[in-house]
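Participant: Below is a structure I'd like to ask you about.
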Amino acid sequence: MTTTPNENAVEIRDLNVTFATDGGDVHAVRGVSLDVRPGEVLAIVGESGSGKTVTARTILGLLASTAVTSGAVVVSGTDVVGLDAASLRRLRGEKAAMIFQEPSMALNPVFSVGWQLAEGLRAHGRISKAEAKAKAVDMLRRVGIPDPERRVNDYPHQFSGGQKQRIVIAMALALEPTVIIADEPTTALDVTVQAEILELLRRLRDEEGTAIVLITHNMGVVADLADRVAVMLQGELVETAPVADIFASPQHEYTRSLLAAVPRLEAADRHRPVAAPTAAPLVVAEDLIIEYPGRFGRRSTFRAVHEVSFTIAPGEVLGLVGESGSGKSTIGRAIAGLTPVAGGSLQVLGTEMRGVKERDFRPKRRDIGFVFQDPATSFNPLLTIADNVAEPLIVHGQARHAGDAREKVDSLLEAVQLPAGFGDRYPHELSGGQRQRASLARALALDPKLLIADEPTSALDVSVQARVLELFVELQERFGFATLFISHDLAVVDMLADRIGVLHRGRLVEEGTGAEVLGAPQDPYTQRLLASLPVPDPVEQARRREEWGRLSA
Amino acid sequence: MTKPRLLDRLPVVHQLRQAVGLQRGMLVAGLVLTGAFVVLALLAPVLAPYGYSQLADDAGNFGAQQPPSAEHWLGTTVGGYDVLSRVIWGARTALLVIIVAVLLSVFVGILLGLVSGYLGGWVDRVLVVVADAIYAFPTLLLAIVAAIAISGGQSGMWSGVFAAAISITVVFIPQYFRVVRAEVVRVKSEAFIESAQVIGASTWRIMFRHVLRNSTRTLPVIVTLNAAEAVLTLAALGFLGLGIEPTSAAEWGFDLNKSISDVAAGIWWTAVPPGVAIILAVLGITLIGESMNDLADPRLRARRRGKGTPADAVAQSEPVAREEMGEVQ
């Protein structure tokens, strides 16, 4: 691509952004300078809090009123910093547009998608209703919504998550902007849908020549789509390089550690001595059926899990993978007694869970630990970490009050590599990774035989995730508890699990060792799932992309 | 990370430090007015020149409807009482009613809301229907009915205070009930409640240790707003003649009622002082409540504007990535 510097779609020069908060000023972006050329995808990567979203949002002037910005952000000839509201409104849509993370929140549920597409067109210039509608149909066709003439009158809830994201992209494209800001455009989507959205974005760049600023934490997505990569750390830009160079020879130490932390699929067996096969399994599910009752009796009952059978032996790690709505979390909740079993049989530690009474199951709870997905909400915010971790000990009569249990709590915190002083802190004073480690400490407080981990790392940044997973493997080898590890991330499950079960729409489509399931998948769904997972390597990813195209054709 | 000092974490003090601009002005004005009100109430025996039911001193009877003078700064009422003294003593009655009414309704409302919200089922449905039914009544009518039922309309100091307080409580309980119930229903679905269930904690333990304290954030705001409403309801009851006898305690609403005929006769000093007292007391408490309401919501709260690029802000900002780089603190 031959462009001279003054033809840049976006030029950011020495950008500083400061937010006024209750805890004083926070300097979120410090002296960042960046260029985005037309027809280029610039990926901004970094961990949460690194300032990548703030940098991108200044391009649209979309910062909260508490922000103070200095420096220059030039979007095709207009400096956005200090621009008045009317000029900003003209700029948004025509020169720069935005794609949001959560498509179902970016669309207004009470208007048809056609109306919402036309709204953007009407806001920028006089256009008749019929023209706007024709344009909307055209936009929907371009982003690959089937049967756009009919669907233009449908409402957002009538579309799937991937289709909604396509509509949001169509809205961003409506006025043919020079640059599109895509803030984690695929994070809320399943991997198979993610692959389709990435394909669409790539086509837009090639066909329309739109510059795209892609904000993401997923290095696989970066390898798949980006032309150039900017790495941010604590509000500063540490490295900018073409995508091949970033992956092949990262210059900055932080970039190297970021890349090293990304879990990769190896599809190898873990060589670990598994407990004697004669030992009775801890969990036996036979034709397990779980249903959520609908509002109007049996007719609207939703069956989340269809006749699933599996066992978990003592000391074994079973990984359950699947996309959202596959029923993987539901199975975990049923084992913990949070969701009733509707049919079949589920035996947990010798207790039949179908129709079990809480009173009968309560004594068994000491042998089950549970790690929740979001560490931010799984602690009582008004109790200290030590009090929270001591809860199971108090409830099961091993300590009378939190002070009593302190010694045990300190040793648990040490086991999860948290300094004992952290016990006196409140949950909000810990970072996500620290909280999830405390959550592990609580789950292990009673030395359980079975641990259920429901997406324990999906709310964490990659490098934090890597450390939590490492810790998990270490603890599992030390204490020897059996684990049901639930995740949507194949690479994470591959790292940990002895056996892997793949769930698709409530059915167990494939089960076996890591090498069997991930190395030589038999089921077409597993094959598609594997192919759509982007790998953090641009060359390898280009090859996989072709394979994915073949599978989905 | 240092723990904030206890003083800074107290409800009102914390907000005072946090507030800026107009919100701070409102809060300070409210605090000054309410502070004056509380001081009047507590020090009534010292500050008031005469007793609330005193009709004569060494110099003889005060006389009825006397204009303001050196002996009686705000004159005397039609019944021959000193107006200034009755206004000051009235603050004491109002404060007592506020405390009793708010305490009663807070405890009963929170307990019912907690049980109803957490356990759900038919208990929840019945309580919600009852609360809605009480909502449907005009609040003053309900308070009148309760006042008549409790005291037969007339009574002495403590029974009068309790009659007024309980009749106000009847109106307030549904408010606390609904607010707490809504919060409990929200908190109930949070992961830390499920986490307590998975541990095997009993229902009572979950309700009182995990749910209760997480559901009371909005209460200080409602308490202050209700305190203002309590003053008004008490005054209205007194004005309608359902309050407290002048011989048992001073009450602003009662004095207003007795001064109706004075207004036409050009006697201003019997009606204006109790009226102004009611307005200032309600205004003060409402200002606190409103500004606390705004401050509690981060979207409504004004902040000091950030400066260009202060060096201390750089030092203060959380080094998020440091832990990820491999060190735990």
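Residue numbering restarts at 1 in every chain; chains get A, B, ... in the order shown in the structure tokens, and ligands count up from 1 in that same order.
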Dump as a PyMOL selection string the residues of chain A that approach chain B to within 6 Å, counting only C-alpha atoms.
Facilitator: chain A and resi 20+25-27+362+365+377-380+392+395+463-464
Participant: Need to verify the contact set: B:Gly109, 6 Å, only C-alpha atoms, exclusion of same-chain residues closer than 4 positions in sequence. Can you return it as a list in words?
Facilitator: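 The neighbour list is Ser105, Gly113, Ile173, Tyr176 and Phe177 of chain B.
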Participant: Put those residues in a file: C-alpha atoms, as a PDB file, in the first residue's frame.
Facilitator:
ATOM      1  CA  SER B 105     -40.528   1.448  60.513  1.00  0.00           C
ATOM      2  CA  GLY B 113     -38.486  -7.041  53.190  1.00  0.00           C
ATOM      3  CA  ILE B 173     -43.254   0.376  56.579  1.00  0.00           C
ATOM      4  CA  TYR B 176     -38.871   0.305  53.539  1.00  0.00           C
ATOM      5  CA  PHE B 177     -40.378  -3.064  52.771  1.00  0.00           C
TER       6      PHE B 177
END
Participant: Which residues are close to B:Trp252, i.e. within 8 Å by only C-alpha atoms, leaving aside same-chain residues fewer than 6 positions away? Reply as a PyMOL selection string.
Facilitator: chain B and resi 86-87+90+235+238+274-275+277-278
Participant: Contacts of stretch 30-35 of chain B at 10 Å or less, counting only C-alpha atoms, minus same-chain residues fewer than 3 places along, as a tab-separated table (two decimals) with N, CA and C atoms, in the first residue's frame?
Facilitator:
chain	number	residue	atom	x	y	z
B	12	VAL	N	-22.71	10.52	56.83
B	12	VAL	CA	-22.79	11.92	56.41
B	12	VAL	C	-21.41	12.54	56.23
B	16	LEU	N	-19.86	14.46	52.97
B	16	LEU	CA	-19.46	15.86	53.06
B	16	LEU	C	-18.08	16.06	52.43
B	24	ARG	N	-22.42	20.30	47.44
B	24	ARG	CA	-21.85	20.53	48.76
B	24	ARG	C	-22.63	21.64	49.47
B	25	GLY	N	-23.00	22.68	48.71
B	25	GLY	CA	-23.78	23.77	49.28
B	25	GLY	C	-25.09	23.28	49.86
B	26	MET	N	-25.80	22.44	49.09
B	26	MET	CA	-27.07	21.88	49.55
B	26	MET	C	-26.87	21.08	50.83
B	27	LEU	N	-25.83	20.26	50.81
B	27	LEU	CA	-25.59	19.38	51.96
B	27	LEU	C	-25.26	20.21	53.20
B	38	VAL	N	-31.88	20.08	65.84
B	38	VAL	CA	-31.55	19.09	66.87
B	38	VAL	C	-31.09	19.79	68.15
B	39	VAL	N	-30.29	20.86	67.99
B	39	VAL	CA	-29.81	21.58	69.17
B	39	VAL	C	-30.98	22.18	69.94
B	40	LEU	N	-31.92	22.79	69.20
B	40	LEU	CA	-33.12	23.34	69.83
B	40	LEU	C	-33.85	22.25	70.62
B	41	ALA	N	-33.98	21.09	69.99
B	41	ALA	CA	-34.73	20.01	70.60
B	41	ALA	C	-34.05	19.53	71.87
B	280	LEU	N	-38.55	25.15	57.96
B	280	LEU	CA	-37.09	25.03	58.06
B	280	LEU	C	-36.68	23.61	58.43
B	281	ALA	N	-37.41	22.98	59.34
B	281	ALA	CA	-37.06	21.62	59.73
B	281	ALA	C	-37.16	20.68	58.53
B	282	VAL	N	-38.28	20.78	57.81
B	282	VAL	CA	-38.47	19.91	56.65
B	282	VAL	C	-37.44	20.21	55.57
B	283	LEU	N	-37.20	21.50	55.32
B	283	LEU	CA	-36.24	21.90	54.29
B	283	LEU	C	-34.85	21.35	54.61
B	284	GLY	N	-34.45	21.51	55.87
B	284	GLY	CA	-33.11	21.07	56.27
B	284	GLY	C	-32.94	19.58	56.03
B	285	ILE	N	-33.89	18.79	56.51
B	285	ILE	CA	-33.75	17.33	56.39
B	285	ILE	C	-33.83	16.91	54.92
B	286	THR	N	-34.74	17.57	54.17
B	286	THR	CA	-34.88	17.22	52.76
B	286	THR	C	-33.60	17.52	51.99
B	287	LEU	N	-32.97	18.67	52.30
B	287	LEU	CA	-31.73	19.02	51.61
B	287	LEU	C	-30.66	17.95	51.83
B	288	ILE	N	-30.55	17.47	53.09
B	288	ILE	CA	-29.58	16.40	53.36
B	288	ILE	C	-29.92	15.17	52.52
B	289	GLY	N	-31.20	14.78	52.57
B	289	GLY	CA	-31.62	13.58	51.86
B	289	GLY	C	-31.36	13.68	50.37
B	290	GLU	N	-31.74	14.82	49.78
B	290	GLU	CA	-31.59	14.97	48.33
B	290	GLU	C	-30.12	14.96	47.92
B	291	SER	N	-29.29	15.69	48.70
B	291	SER	CA	-27.89	15.73	48.28
B	291	SER	C	-27.22	14.38	48.51
Participant: For A:Gln347, work out the shell of residues within 8 Å, counting only C-alpha atoms and skipping chain neighbours fewer than 3 positions away, then give it as a VMD selection string.
Facilitator: chain A and resid 282 to 285 350 to 353
Participant: For the residues in the current selection, export C-alpha atoms as an mmCIF file, in the first residue's frame.
Facilitator:
data_model
loop_
_atom_site.group_PDB
_atom_site.id
_atom_site.type_symbol
_atom_site.label_atom_id
_atom_site.label_comp_id
_atom_site.auth_asym_id
_atom_site.auth_seq_id
_atom_site.Cartn_x
_atom_site.Cartn_y
_atom_site.Cartn_z
ATOM 1 C CA LEU A 282 -17.222 -39.489 42.463
ATOM 2 C CA VAL A 283 -19.777 -38.398 39.908
ATOM 3 C CA VAL A 284 -21.821 -40.685 37.696
ATOM 4 C CA ALA A 285 -24.268 -39.168 35.241
ATOM 5 C CA GLY A 350 -23.028 -41.463 46.375
ATOM 6 C CA THR A 351 -26.112 -39.232 46.646
ATOM 7 C CA GLU A 352 -28.745 -39.382 43.944
ATOM 8 C CA MET A 353 -29.372 -35.745 42.968
#
Participant: When you look at A:Met171 with a cut-off of 12 Å (counting only C-alpha atoms), what residues show up, excluding the ones that are within fewer than 6 positions of it in the same chain? I need them as number ranges by chain.
Facilitator: A: 92-94, 96-100, 103, 106-107, 113-121, 135-140, 142-143, 164-165, 177, 180
Participant: Provide the atom CA of B:Val170 to atom CA of B:Met157 distance in Å, to one decimal place.
Facilitator: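 These two atoms are separated by 20.0 Å.
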Participant: Return the single residue from A:Asp360, A:Asp183, A:Glu391, A:Asp224 that is closest to A:Ala195, with distances computed using only C-alpha atoms.
Facilitator: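 The shortest atom-to-atom distance to A:Ala195 comes from A:Asp224.
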Participant: Run DSSP on the backbone and give me the residues of stretch 82-247 of chain A it puts in alpha helix (DSSP H), as a ChimeraX atom specification.
Facilitator: /A:85-94,103-106,113-123,129-142,148-151,161-173,191-208,219-225,243-247
Participant: As a PyMOL selection string, please: every residue in stretch 28-242 of chain A that DSSP puts in strand (DSSP E).
Facilitator: chain A and resi 28-36+41-45+67-75+78-79+96-99+179-183+211-216+228-233+236-242
Participant: Residues at most 6 Å from A:Val36, counting only C-alpha atoms, excluding those fewer than 6 positions away in the same chain, as number ranges by chain?
Facilitator: A: 8-10
Participant: For the residues in that selection, give me C-alpha atoms as a short mmCIF file (atom, residue, chain, number, x, y, z; two decimals), in the first residue's frame.
Facilitator:
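Contents of out.cif, freshly written:
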data_model
loop_
_atom_site.label_atom_id
_atom_site.label_comp_id
_atom_site.auth_asym_id
_atom_site.auth_seq_id
_atom_site.Cartn_x
_atom_site.Cartn_y
_atom_site.Cartn_z
CA ASN A 8 -3.37 8.89 7.29
CA ALA A 9 -6.96 8.13 8.24
CA VAL A 10 -6.17 8.86 11.87
#
Participant: Give me, please, the distance in Å between atom CA of A:Asp494 and atom CA of A:Pro263, quoted to one decimal.
Facilitator: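 We find that atom CA of A:Asp494 and atom CA of A:Pro263 lie 8.9 Å from each other.
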Participant: Measure the distance from atom CA of B:Thr270 to atom CA of B:Thr77 in Å and round it to one decimal.
Facilitator: 5.6 Å
Participant: When you count only C-alpha atoms, which of these residues is closest to A:Arg228: A:Val168, A:Glu511, A:Phe422, A:Val45?
Facilitator: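 The answer is A:Val45, which sits nearest to A:Arg228.
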Participant: So, counting only C-alpha atoms, which residue among B:Leu55, B:Ala64, B:Val13, B:Val20 is closest to B:Thr247?
Facilitator: B:Leu55
